Structures are given as structure tokens and as C-alpha cells.
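Q: Below is structure32.csv; it holds CSV, C-alpha atoms.
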chain,number,residue,atom,x,y,z
A,1,MET,CA,259.1,252.9,312.0
A,2,GLU,CA,257.3,251.8,315.2
A,3,LYS,CA,259.6,248.8,315.6
A,4,TYR,CA,262.6,251.1,316.1
A,5,LEU,CA,261.0,253.0,319.0
A,6,ASP,CA,260.2,250.1,321.3
A,7,ILE,CA,262.6,250.8,324.2
A,8,LEU,CA,262.9,247.1,325.2
A,9,ASN,CA,263.8,246.1,321.7
A,10,VAL,CA,266.5,248.7,321.6
A,11,ALA,CA,267.9,247.9,325.1
A,12,ILE,CA,268.0,244.2,324.9
A,13,TYR,CA,268.8,243.4,321.3
A,14,GLY,CA,271.0,246.6,321.1
A,15,SER,CA,273.2,245.5,324.0
A,16,ALA,CA,273.5,242.0,322.7
A,17,VAL,CA,274.5,243.2,319.2
A,18,LEU,CA,276.8,245.8,320.8
A,19,LEU,CA,278.5,243.1,322.8
A,20,MET,CA,279.0,241.0,319.7
A,21,LEU,CA,280.5,244.0,317.8
A,22,ILE,CA,282.8,244.9,320.6
A,23,GLY,CA,284.0,241.3,320.7
A,24,LEU,CA,284.6,241.2,317.0
A,25,TYR,CA,286.4,244.6,317.1
A,26,GLY,CA,288.7,243.4,319.8
A,27,ALA,CA,289.5,240.2,318.1
A,28,LEU,CA,290.2,242.0,314.8
A,29,THR,CA,292.2,245.0,315.9
A,30,LYS,CA,294.1,244.2,319.1
A,31,LYS,CA,297.7,243.1,319.0
A,32,SER,CA,297.9,241.2,322.3
A,33,LEU,CA,296.9,237.6,322.1
A,34,ILE,CA,295.2,237.7,325.5
A,35,LYS,CA,293.0,240.5,324.3
A,36,ILE,CA,292.0,238.6,321.2
A,37,VAL,CA,290.9,235.6,323.3
A,38,LEU,CA,289.0,238.1,325.5
A,39,GLY,CA,287.3,239.5,322.4
A,40,LEU,CA,286.2,236.0,321.4
A,41,SER,CA,284.8,235.5,324.9
A,42,ILE,CA,282.8,238.8,324.7
A,43,LEU,CA,281.5,237.8,321.3
A,44,ASP,CA,280.3,234.5,322.9
A,45,SER,CA,278.4,236.3,325.7
A,46,GLY,CA,276.7,238.6,323.2
A,47,VAL,CA,275.4,235.5,321.3
A,48,HIS,CA,274.2,233.9,324.5
A,49,LEU,CA,272.3,237.1,325.5
A,50,LEU,CA,270.7,237.2,322.1
A,51,MET,CA,269.5,233.6,322.3
A,52,ILE,CA,268.1,234.0,325.8
A,53,ALA,CA,266.4,237.3,324.6
A,54,ILE,CA,264.7,235.5,321.7
A,55,GLY,CA,263.1,233.0,324.0
A,56,TYR,CA,261.6,235.6,326.3
A,57,LEU,CA,257.9,236.0,326.6
A,58,LYS,CA,256.3,239.3,327.9
A,59,ASP,CA,255.5,239.0,331.6
A,60,GLY,CA,256.8,235.4,331.5
A,61,THR,CA,258.0,233.4,334.4
A,62,ALA,CA,261.0,231.0,334.7
A,63,PRO,CA,260.2,227.5,333.3
A,64,ILE,CA,260.1,225.9,336.7
A,65,PHE,CA,257.0,224.2,338.1
A,66,SER,CA,257.8,225.0,341.7
A,67,ALA,CA,255.1,224.8,344.4
A,68,GLY,CA,252.3,227.2,343.5
A,69,ASN,CA,253.4,227.6,339.9
A,70,GLU,CA,252.0,224.3,338.5
A,71,GLU,CA,249.3,225.9,336.5
A,72,LYS,CA,251.2,228.7,334.9
A,73,MET,CA,252.3,226.8,331.8
A,74,SER,CA,251.0,229.4,329.3
A,75,VAL,CA,253.1,232.3,330.8
A,76,MET,CA,256.4,230.4,331.0
A,77,VAL,CA,259.3,231.5,328.8
A,78,ASP,CA,260.7,229.2,326.2
A,79,PRO,CA,263.0,226.7,327.9
A,80,ILE,CA,264.7,225.5,324.7
A,81,PRO,CA,267.0,228.5,324.1
A,82,GLN,CA,268.0,228.3,327.8
A,83,ALA,CA,269.0,224.7,327.5
A,84,LEU,CA,271.0,225.5,324.3
A,85,VAL,CA,272.8,228.4,326.0
A,86,LEU,CA,273.7,226.1,328.9
A,87,THR,CA,275.4,223.9,326.4
A,88,ALA,CA,277.0,226.8,324.6
A,89,ILE,CA,278.5,228.3,327.8
A,90,VAL,CA,280.2,225.0,328.6
A,91,ILE,CA,281.6,224.7,325.1
A,92,GLY,CA,282.7,228.4,325.1
A,93,PHE,CA,284.6,227.7,328.4
A,94,GLY,CA,286.3,224.7,326.8
A,95,VAL,CA,287.3,226.8,323.7
A,96,THR,CA,288.6,229.6,325.9
A,97,ALA,CA,290.7,227.2,328.0
A,98,VAL,CA,292.3,225.6,325.0
A,99,ALA,CA,292.9,229.1,323.4
A,100,ILE,CA,294.6,230.4,326.6
A,101,SER,CA,296.8,227.3,326.8
A,102,LEU,CA,297.9,227.8,323.2
A,103,VAL,CA,298.7,231.5,324.1
A,104,ILE,CA,300.8,230.3,327.0
A,105,ARG,CA,302.6,227.9,324.7
A,106,LEU,CA,303.3,230.7,322.2
A,107,TYR,CA,304.6,232.9,325.0
A,108,ARG,CA,306.9,230.2,326.1
A,109,HIS,CA,308.3,229.9,322.6
A,110,HIS,CA,308.5,233.5,321.5
A,111,ASN,CA,308.7,235.4,324.8
A,112,THR,CA,306.1,237.9,323.7
A,113,LEU,CA,302.3,238.2,323.4
A,114,ARG,CA,302.2,240.7,320.6
A,115,ILE,CA,301.2,239.1,317.3
A,116,ASP,CA,303.0,241.7,315.2
A,117,GLU,CA,306.3,240.6,316.9
A,118,ILE,CA,305.7,237.0,316.3
A,119,LYS,CA,306.7,236.4,312.7
A,120,LYS,CA,304.2,234.7,310.3
A,121,LEU,CA,301.2,236.1,312.3
A,122,LYS,CA,301.2,239.6,310.7
A,123,TRP,CA,298.3,240.8,308.6
B,124,MET,CA,293.1,252.7,307.4
B,125,LYS,CA,292.7,249.1,308.5
B,126,ILE,CA,290.7,250.2,311.5
B,127,ALA,CA,288.5,252.3,309.3
B,128,ILE,CA,287.7,249.3,307.1
B,129,ILE,CA,287.0,247.2,310.2
B,130,LEU,CA,284.7,249.8,311.7
B,131,ILE,CA,282.7,250.3,308.5
B,132,SER,CA,282.2,246.6,308.0
B,133,LEU,CA,281.2,246.1,311.7
B,134,GLY,CA,278.8,249.0,311.4
B,135,ILE,CA,277.1,247.4,308.4
B,136,LEU,CA,277.0,244.0,310.2
B,137,GLY,CA,275.5,245.7,313.3
B,138,PHE,CA,272.9,247.6,311.3
B,139,TYR,CA,271.6,244.5,309.5
B,140,LEU,CA,271.6,242.4,312.7
B,141,MET,CA,269.6,245.1,314.5
B,142,ASP,CA,267.2,245.4,311.6
B,143,ILE,CA,266.6,241.6,311.7
B,144,PHE,CA,266.1,241.5,315.4
B,145,PHE,CA,263.9,244.6,315.5
B,146,GLY,CA,261.7,242.8,313.0
B,147,ILE,CA,261.5,239.8,315.3
B,148,GLY,CA,260.5,241.9,318.3
B,149,PHE,CA,261.1,241.3,322.0
B,150,GLY,CA,258.8,239.4,324.3
B,151,VAL,CA,256.5,237.9,321.8
B,152,GLN,CA,256.0,234.3,320.9
B,153,HIS,CA,258.2,233.6,317.8
B,154,PHE,CA,258.5,229.9,317.6
B,155,SER,CA,255.5,227.7,317.1
B,156,ASN,CA,253.8,226.9,320.4
B,157,GLY,CA,254.0,223.2,319.8
B,158,VAL,CA,257.6,222.5,320.7
B,159,LYS,CA,257.6,224.6,323.8
B,160,ASP,CA,254.3,223.2,325.1
B,161,LEU,CA,255.3,219.7,324.3
B,162,TYR,CA,258.5,220.0,326.4
B,163,LEU,CA,256.6,221.8,329.2
B,164,SER,CA,253.8,219.3,329.5
B,165,ASN,CA,255.9,216.2,329.0
B,166,SER,CA,258.3,217.4,331.7
B,167,LYS,CA,255.3,218.0,334.0
B,168,ASP,CA,253.1,215.0,333.3
B,169,ILE,CA,255.5,212.2,332.3
B,170,LEU,CA,258.8,213.0,334.1
B,171,LYS,CA,257.4,214.9,337.1
B,172,VAL,CA,260.5,217.3,336.9
B,173,SER,CA,259.8,220.8,338.0
B,174,ASN,CA,262.8,222.5,336.3
B,175,VAL,CA,262.1,222.1,332.6
B,176,VAL,CA,265.5,223.3,331.5
B,177,THR,CA,267.1,220.4,333.5
B,178,SER,CA,264.6,217.9,332.0
B,179,ILE,CA,265.5,219.1,328.5
B,180,VAL,CA,269.3,219.0,329.1
B,181,VAL,CA,269.5,215.7,330.9
B,182,ASN,CA,266.5,213.7,329.6
B,183,PHE,CA,265.1,214.8,326.3
B,184,ARG,CA,268.5,215.8,325.0
B,185,GLY,CA,270.6,213.7,327.2
B,186,PHE,CA,272.8,212.3,324.4
B,187,ASP,CA,273.7,215.9,323.6
B,188,THR,CA,274.8,216.5,327.2
B,189,LEU,CA,277.0,213.4,326.9
B,190,GLY,CA,278.7,215.0,324.0
B,191,GLU,CA,279.0,218.2,325.9
B,192,VAL,CA,280.7,216.5,328.8
B,193,THR,CA,283.0,214.8,326.3
B,194,VAL,CA,284.0,218.2,324.9
B,195,LEU,CA,284.8,219.4,328.3
B,196,PHE,CA,286.8,216.3,329.0
B,197,LEU,CA,288.7,216.7,325.7
B,198,ALA,CA,289.4,220.4,326.5
B,199,SER,CA,290.9,219.5,329.9
B,200,THR,CA,293.0,216.7,328.3
B,201,ALA,CA,294.2,218.9,325.5
B,202,LEU,CA,295.2,221.6,328.0
B,203,GLY,CA,297.3,219.0,329.9
B,204,GLY,CA,298.8,217.9,326.6
B,205,ILE,CA,299.6,221.4,325.3
B,206,LEU,CA,301.1,222.6,328.6
B,207,TYR,CA,303.1,219.4,329.0
B,208,LYS,CA,306.4,219.6,330.9
B,209,LYS,CA,308.9,217.1,332.0
B,210,ARG,CA,308.3,216.1,335.6
B,211,HIS,CA,311.3,217.7,337.1
B,212,HIS,CA,310.7,220.9,335.3
B,213,VAL,CA,307.4,221.6,337.0
B,214,GLY,CA,307.9,225.0,338.6
B,215,GLU,CA,306.6,226.6,341.7
B,216,ARG,CA,303.0,227.9,341.6
B,217,SER,CA,302.8,231.4,340.2
B,218,VAL,CA,301.4,233.2,343.2
B,219,LEU,CA,302.5,236.9,343.0
B,220,PHE,CA,302.5,237.7,346.7
B,221,PRO,CA,301.8,235.6,349.8
B,222,ALA,CA,298.3,235.8,351.2
B,223,SER,CA,297.7,237.6,354.5
B,224,ARG,CA,296.7,235.8,357.6
B,225,ILE,CA,293.1,237.1,357.3
B,226,VAL,CA,292.8,235.7,353.8
B,227,MET,CA,294.2,232.4,354.9
B,228,SER,CA,291.8,232.0,357.9
B,229,GLY,CA,288.9,233.2,355.8
B,230,ALA,CA,289.6,230.8,352.9
B,231,LYS,CA,289.9,227.9,355.4
B,232,LEU,CA,286.6,228.9,356.9
B,233,LEU,CA,284.8,229.4,353.5
B,234,PHE,CA,286.1,226.3,351.7
B,235,PRO,CA,283.7,223.7,353.2
B,236,SER,CA,280.7,225.9,352.8
B,237,ILE,CA,281.5,226.5,349.1
B,238,VAL,CA,281.8,222.8,348.5
B,239,LEU,CA,278.5,222.2,350.4
B,240,LEU,CA,276.8,224.9,348.3
B,241,GLY,CA,278.0,223.3,345.1
B,242,ALA,CA,276.8,219.9,346.2
B,243,TYR,CA,273.4,221.4,347.1
B,244,VAL,CA,273.2,223.1,343.7
B,245,PHE,CA,273.8,219.9,341.7
B,246,ILE,CA,271.7,217.6,344.0
B,247,HIS,CA,268.7,219.9,343.6
B,248,GLY,CA,269.2,220.5,339.9
B,249,HIS,CA,265.8,219.1,339.0
B,250,LEU,CA,264.0,221.2,341.6
B,251,SER,CA,265.5,224.7,341.5
B,252,PRO,CA,267.7,226.7,339.1
B,253,GLY,CA,271.1,225.1,338.9
B,254,GLY,CA,272.4,221.7,338.0
B,255,GLY,CA,275.6,219.6,337.5
B,256,PHE,CA,277.5,222.2,335.5
B,257,GLN,CA,276.8,225.0,337.8
B,258,GLY,CA,277.4,223.0,341.0
B,259,GLY,CA,280.6,221.6,339.6
B,260,THR,CA,281.8,225.2,338.8
B,261,ILE,CA,281.0,226.3,342.3
B,262,ILE,CA,283.1,223.5,343.8
B,263,ALA,CA,286.0,224.3,341.4
B,264,THR,CA,285.9,228.0,342.6
B,265,GLY,CA,286.4,226.7,346.2
B,266,PHE,CA,289.5,224.8,345.1
B,267,LEU,CA,290.7,227.9,343.2
B,268,LEU,CA,290.3,229.9,346.4
B,269,MET,CA,292.5,227.4,348.3
B,270,LEU,CA,295.1,227.2,345.5
B,271,LEU,CA,295.4,231.0,345.3
B,272,THR,CA,295.6,231.4,349.1
B,273,TYR,CA,298.0,228.6,350.2
B,274,ARG,CA,301.2,228.3,348.4
B,275,ASN,CA,301.7,224.6,349.1
B,276,TYR,CA,298.1,223.5,348.9
B,277,SER,CA,298.1,220.7,346.3
B,278,VAL,CA,295.4,218.5,344.7
B,279,SER,CA,296.2,214.9,343.9
B,280,HIS,CA,296.0,214.7,340.1
B,281,ASN,CA,295.4,210.9,340.3
B,282,ARG,CA,292.4,211.4,342.5
B,283,LEU,CA,291.0,214.0,340.1
B,284,VAL,CA,291.4,211.6,337.2
B,285,TYR,CA,289.8,208.8,339.3
B,286,PHE,CA,286.7,210.9,340.1
B,287,GLU,CA,286.4,212.1,336.5
B,288,SER,CA,286.5,208.6,335.0
B,289,LEU,CA,284.2,207.1,337.6
B,290,ALA,CA,281.6,209.9,336.9
B,291,GLY,CA,281.9,209.4,333.2
B,292,ILE,CA,281.5,205.6,333.5
B,293,LEU,CA,278.4,206.1,335.7
B,294,PHE,CA,276.8,208.4,333.1
B,295,ILE,CA,277.4,206.0,330.3
B,296,SER,CA,276.4,202.9,332.3
B,297,ILE,CA,273.1,204.6,333.2
B,298,GLY,CA,272.6,205.1,329.5
B,299,LEU,CA,273.4,201.5,328.7
B,300,VAL,CA,271.0,200.2,331.4
B,301,GLY,CA,268.3,202.2,329.7
B,302,TYR,CA,269.3,200.8,326.4
B,303,PHE,CA,269.2,197.1,327.5
B,304,SER,CA,266.0,197.3,329.6
B,305,LYS,CA,263.9,199.9,327.7
B,306,GLY,CA,265.3,199.8,324.2
B,307,SER,CA,266.8,203.3,323.9
B,308,PHE,CA,270.0,205.0,325.1
B,309,LEU,CA,269.5,207.1,328.3
B,310,GLU,CA,265.9,206.0,328.7
B,311,ASN,CA,264.5,206.5,332.2
B,312,VAL,CA,264.5,203.3,334.2
B,313,LEU,CA,263.7,204.5,337.7
B,314,PRO,CA,260.3,205.4,339.1
B,315,VAL,CA,259.5,209.1,338.5
B,316,GLY,CA,258.0,209.8,342.0
B,317,ASN,CA,256.1,213.0,342.8
B,318,MET,CA,256.5,216.5,341.6
B,319,ASN,CA,258.9,218.7,343.7
B,320,ASP,CA,260.2,215.8,345.7
B,321,LEU,CA,264.0,215.2,346.0
B,322,PHE,CA,263.6,211.7,344.6
B,323,SER,CA,261.7,212.6,341.5
B,324,GLY,CA,262.5,212.5,337.8
B,325,GLY,CA,264.1,209.1,337.7
B,326,VAL,CA,267.7,209.0,336.5
B,327,ILE,CA,268.0,212.8,336.2
B,328,GLY,CA,269.3,213.2,339.8
B,329,ILE,CA,271.9,210.5,339.4
B,330,ILE,CA,273.1,211.8,336.0
B,331,TYR,CA,273.4,215.3,337.4
B,332,ILE,CA,275.4,214.2,340.4
B,333,ALA,CA,277.7,212.4,338.0
B,334,VAL,CA,278.0,215.5,335.8
B,335,GLY,CA,278.7,217.6,338.9
B,336,PHE,CA,281.6,215.5,340.1
B,337,LYS,CA,283.0,215.3,336.6
B,338,VAL,CA,282.8,219.1,335.9
B,339,ALA,CA,284.3,219.8,339.4
B,340,ALA,CA,287.2,217.4,338.8
B,341,GLU,CA,287.8,218.7,335.3
B,342,LEU,CA,287.7,222.4,336.2
B,343,THR,CA,290.0,221.8,339.2
B,344,GLY,CA,292.4,220.0,337.0
B,345,ILE,CA,292.4,222.9,334.4
B,346,ILE,CA,293.0,225.5,337.2
B,347,TYR,CA,295.8,223.4,338.7
B,348,THR,CA,297.5,222.9,335.4
B,349,VAL,CA,297.4,226.6,334.5
B,350,LEU,CA,298.5,227.8,338.0
B,351,HIS,CA,301.6,225.6,337.8
B,352,GLU,CA,302.6,227.3,334.6
B,353,LYS,CA,305.7,229.3,335.4
B,354,ASP,CA,308.8,230.2,333.4
Render the structure in this file as C-alpha cells.
A:
Amino acid sequence: MEKYLDILNVAIYGSAVLLMLIGLYGALTKKSLIKIVLGLSILDSGVHLLMIAIGYLKDGTAPIFSAGNEEKMSVMVDPIPQALVLTAIVIGFGVTAVAISLVIRLYRHHNTLRIDEIKKLKW
Amino acid sequence: MKIAIILISLGILGFYLMDIFFGIGFGVQHFSNGVKDLYLSNSKDILKVSNVVTSIVVNFRGFDTLGEVTVLFLASTALGGILYKKRHHVGERSVLFPASRIVMSGAKLLFPSIVLLGAYVFIHGHLSPGGGFQGGTIIATGFLLMLLTYRNYSVSHNRLVYFESLAGILFISIGLVGYFSKGSFLENVLPVGNMNDLFSGGVIGIIYIAVGFKVAAELTGIIYTVLHEKD
């Protein structure tokens, strides 16, 4: 029971999971293609927040050995999730750019952005 | 009905995700200390790079970064291919309303300093937070400002492709130099220098400068392609 009462647990993980759920909800229920792409982007940021949060150490500092910080190796946060998220952000940008260009292409062809008006995309 | 099903399944998903992550706990050491300490101490003692994230991204996992840059290149190429138009069909830029005189003067004033900030961020990527991807993005925002403000501001597409290819070739040739002189791809071939100097970390600085130019050229190309999209 104790684990549900820790305020930082609830705040950090809760907001990350909430972002992921908001993104999924948007991608699943919205009719506009732009909003679906936006939902996927929000889902992305939720996952990034989650990965960064898992690497955090209590009272940790940034993993940078700047002048005066050379001996603080034991209190540094984990740098590996941060490097992974740096990669993931760039890939997410590429995916969003291609998705937006496909949306533009669909709009050019059908003159609408609503998926229920484009035939064969109903569900 | 559909929305109810979606909400219920999202609720179940959220509950189990929260349960898992509450079990993990926030701010405690989850992973074995070994990997983290290995990266931290290798970055400090062998490479003499102060920003550990940069040393992981560019040196320890440099091949992965090469793949990442390739994905970005493919995305920008695919964008150009998907939004392809015949040359005489290229429309006017879709600016909704002309910018005011204040915005025009301000953009002209801000543009050099934005580019300078971006260059600073990717040159000092191994010393302070930042790096090639971040600096390249900052430079691309400067070009976005100019493109949104001036209706007839144009970027030479050939020059962008030239910068992009040159930066990519520089990245790969540094890797090949490491392969032929030290025996593994992207191996460090330059002296590492002292901690917290600008010239420290061997090839990391050069690779991040190449990545910065490449990302700036690619993002500017993407922005330019999308802004010229008008029906």
C-alpha cells in the first residue's frame, strides 16, 4: 500500500502514463488525420518521459563532469536512458514528418482530412 | 459504444502500467550499477569527455548514431518524394498574411544570433548539455523564422544537399579511418586531450560538427518542402 502513497511516484509516473493514454485515446477516437498524428506524438513524449524517469536517482546530478563535479560519480543519474531518448526523439521526429507528408498527400487527393469521409478508412 | 470500449481498455492498460511502475519506484537505482559506472568511468578516464551522454551517443554507441542519422536522411528524402510536384507546378509559399515591419526587422536581427547559438551548442556538445542534433535544430529554427517572415526568402536546395552529403561523407570517413588504423569502425584516432578543454575527446567534436550540419540541412529542407505545399 505504501508504494501508492509516494507523491513523486504518483506525480512522475502518473503524468507519463497519463500522456501515453491521452495520446492513445486521441489516435483511436479522433476523426481528423492531423489529430491522429498529434496523438501519436503525445504518446511518444509520454514514453520519453517514462524512460527518463526510470533513469533518475534521488538527489542525482546531471551526468556531466564539469569543473568542480569530477568526483560526484556516485550521485550522477543514469546516462544510458538519456542517450536512448535522444535517439528516440530524432526517430519520432522523422516518423511525424513522414506521417504529416502522407496526410498532406491524402488531403490533396480527397480534399478532406476526416477519415470517415475517406472511403476504405472507416472502422 | 465505441468510445466506451476504448475508455475501458485504456483504463485497464493505465492501471497495469501504473502498478508496474509503482512497483519499480522513483529515484532508486534499478539497473545493476555495473553498466552505468562503466560508462561514467570510461568516459572520464579514457575519453576525457565531460558530457557522458555525448560520449555514449557518439563514441560508445557511434554506429547506432550513424543509423539514426540515416533514418533522418531517409525521412527527409521520403518527404521530398511523397510531396513531389512537377517543377512548374510548385506554388507560392503558403504564408497566411504578410509579416509586419517590426517582425521583419526583428527576424533579420535575430537570425545571425540564432545560427551562432546553434553552432555554439554543437561545437560544445562534449562539454555542456547539447550536441549535434540540438544545435542543428536550433539553426533550422532560424531558417524557419526567415522563411515565415519573408515571402520571397529562399534556400538553395542544391546547397542544402551539398552540405548534407558532405557531412555524411565526413562522418563515414572518420569511421573508416578508425577502421583502417585501429581495427574497428568509428574508433578514436585523435589524441583525447584534457578534461573540459574544447579540444578533448578525440573525434567526438568533429563527428558532432558533421551531425550538426547534417541535421540543420535536413530540417531546413523538410521545412522548405512543407512550406511550399499549396493547392
Q: Could you name the residues that touch B:Leu268 at 10 Å or less, counting all atoms listed in the file, but leaving out those on the same chain fewer than 5 positions away, as an MDAnalysis selection string?
A: chainID B and resid 226:227 230:231 233:234 237 262:263 273
Q: Could you please tell me, as a VMD selection string, which residues of chain A have an atom within 9 Å of chain B when using all atoms listed in the file?
A: chain A and resid 3 to 4 6 8 to 10 12 to 14 17 to 18 20 to 21 24 to 25 28 to 29 53 to 60 62 to 67 70 73 to 74 76 to 80 82 to 84 86 to 88 90 to 91 93 to 95 97 to 98 100 to 102 104 to 105 108
Q: A:Gly23: which residues within 6 Å, counting all atoms listed in the file, same-chain residues fewer than 4 positions away excluded, as number ranges by chain?
A: A: 39-40, 42-43
Q: What lies within 10 Å of stretch 282-287 of chain B using all atoms listed in the file, ignoring chain neighbours under 3 positions off, as number ranges by chain?
A: B: 196, 278-279, 290-292, 333-344
Q: To one decimal in Å, tell me the separation between atom CA of B:Ile295 and atom CA of B:Pro314.
A: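 Separation of atom CA of B:Ile295 and atom CA of B:Pro314: 19.2 Å.
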Q: From the set B:Val238, B:Gly301, B:Phe294, B:Ile246, which residue has the shortest atom-to-atom contact distance to B:Thr260, counting only C-alpha atoms?
A: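 Of B:Val238, B:Gly301, B:Phe294, B:Ile246, the one nearest B:Thr260 is B:Val238, counting only C-alpha atoms.
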Q: All heavy atoms are what I want for stretch 236-246 of chain B; can you complete it accordingly and write them as a tab-separated table (two decimals), keeping the file's coordinate frame?
A:
chain	number	residue	atom	x	y	z
B	236	SER	N	282.00	225.42	353.15
B	236	SER	CA	280.70	225.90	352.80
B	236	SER	C	280.51	226.06	351.30
B	236	SER	O	279.42	225.84	350.75
B	236	SER	CB	280.29	227.14	353.55
B	236	SER	OG	281.39	227.94	353.73
B	237	ILE	N	281.60	226.44	350.60
B	237	ILE	CA	281.50	226.50	349.10
B	237	ILE	C	281.26	225.17	348.53
B	237	ILE	O	280.40	225.00	347.66
B	237	ILE	CB	282.80	227.17	348.57
B	237	ILE	CG1	282.90	228.63	348.97
B	237	ILE	CG2	282.82	227.08	347.06
B	237	ILE	CD1	284.17	229.28	348.53
B	238	VAL	N	282.00	224.15	349.04
B	238	VAL	CA	281.80	222.80	348.50
B	238	VAL	C	280.38	222.31	348.81
B	238	VAL	O	279.71	221.71	347.96
B	238	VAL	CB	282.85	221.84	349.10
B	238	VAL	CG1	282.56	220.42	348.70
B	238	VAL	CG2	284.21	222.24	348.63
B	239	LEU	N	279.88	222.65	350.02
B	239	LEU	CA	278.50	222.20	350.40
B	239	LEU	C	277.49	222.90	349.47
B	239	LEU	O	276.54	222.25	349.00
B	239	LEU	CB	278.26	222.61	351.84
B	239	LEU	CG	276.97	222.10	352.43
B	239	LEU	CD1	277.03	220.59	352.52
B	239	LEU	CD2	276.72	222.70	353.77
B	240	LEU	N	277.69	224.20	349.18
B	240	LEU	CA	276.80	224.90	348.30
B	240	LEU	C	276.77	224.28	346.90
B	240	LEU	O	275.71	224.06	346.30
B	240	LEU	CB	277.17	226.39	348.19
B	240	LEU	CG	276.34	227.20	347.20
B	240	LEU	CD1	274.93	227.34	347.70
B	240	LEU	CD2	276.95	228.54	346.95
B	241	GLY	N	277.98	223.94	346.42
B	241	GLY	CA	278.00	223.30	345.10
B	241	GLY	C	277.30	221.99	345.08
B	241	GLY	O	276.53	221.71	344.16
B	242	ALA	N	277.50	221.18	346.13
B	242	ALA	CA	276.80	219.90	346.20
B	242	ALA	C	275.31	220.09	346.26
B	242	ALA	O	274.54	219.39	345.59
B	242	ALA	CB	277.29	219.11	347.41
B	243	TYR	N	274.86	221.11	347.01
B	243	TYR	CA	273.40	221.40	347.10
B	243	TYR	C	272.89	221.76	345.71
B	243	TYR	O	271.84	221.26	345.30
B	243	TYR	CB	273.18	222.56	348.06
B	243	TYR	CG	271.77	223.04	348.07
B	243	TYR	CD1	270.80	222.39	348.80
B	243	TYR	CD2	271.40	224.15	347.31
B	243	TYR	CE1	269.50	222.81	348.79
B	243	TYR	CE2	270.10	224.58	347.29
B	243	TYR	CZ	269.16	223.91	348.03
B	243	TYR	OH	267.87	224.33	347.99
B	244	VAL	N	273.65	222.60	344.99
B	244	VAL	CA	273.20	223.10	343.70
B	244	VAL	C	273.01	221.87	342.73
B	244	VAL	O	272.03	221.76	342.00
B	244	VAL	CB	274.07	224.15	343.11
B	244	VAL	CG1	273.78	224.39	341.66
B	244	VAL	CG2	273.88	225.43	343.87
B	245	PHE	N	274.01	220.91	342.72
B	245	PHE	CA	273.80	219.90	341.70
B	245	PHE	C	272.91	218.73	342.20
B	245	PHE	O	272.37	218.01	341.38
B	245	PHE	CB	275.14	219.36	341.12
B	245	PHE	CG	276.10	218.60	341.98
B	245	PHE	CD1	275.77	217.37	342.50
B	245	PHE	CD2	277.35	219.11	342.21
B	245	PHE	CE1	276.69	216.66	343.25
B	245	PHE	CE2	278.27	218.41	342.97
B	245	PHE	CZ	277.92	217.18	343.48
B	246	ILE	N	272.70	218.59	343.52
B	246	ILE	CA	271.70	217.60	344.00
B	246	ILE	C	270.31	218.05	343.69
B	246	ILE	O	269.44	217.26	343.35
B	246	ILE	CB	271.97	217.22	345.43
B	246	ILE	CG1	273.27	216.45	345.56
B	246	ILE	CG2	270.84	216.39	345.99
B	246	ILE	CD1	273.71	216.25	346.97
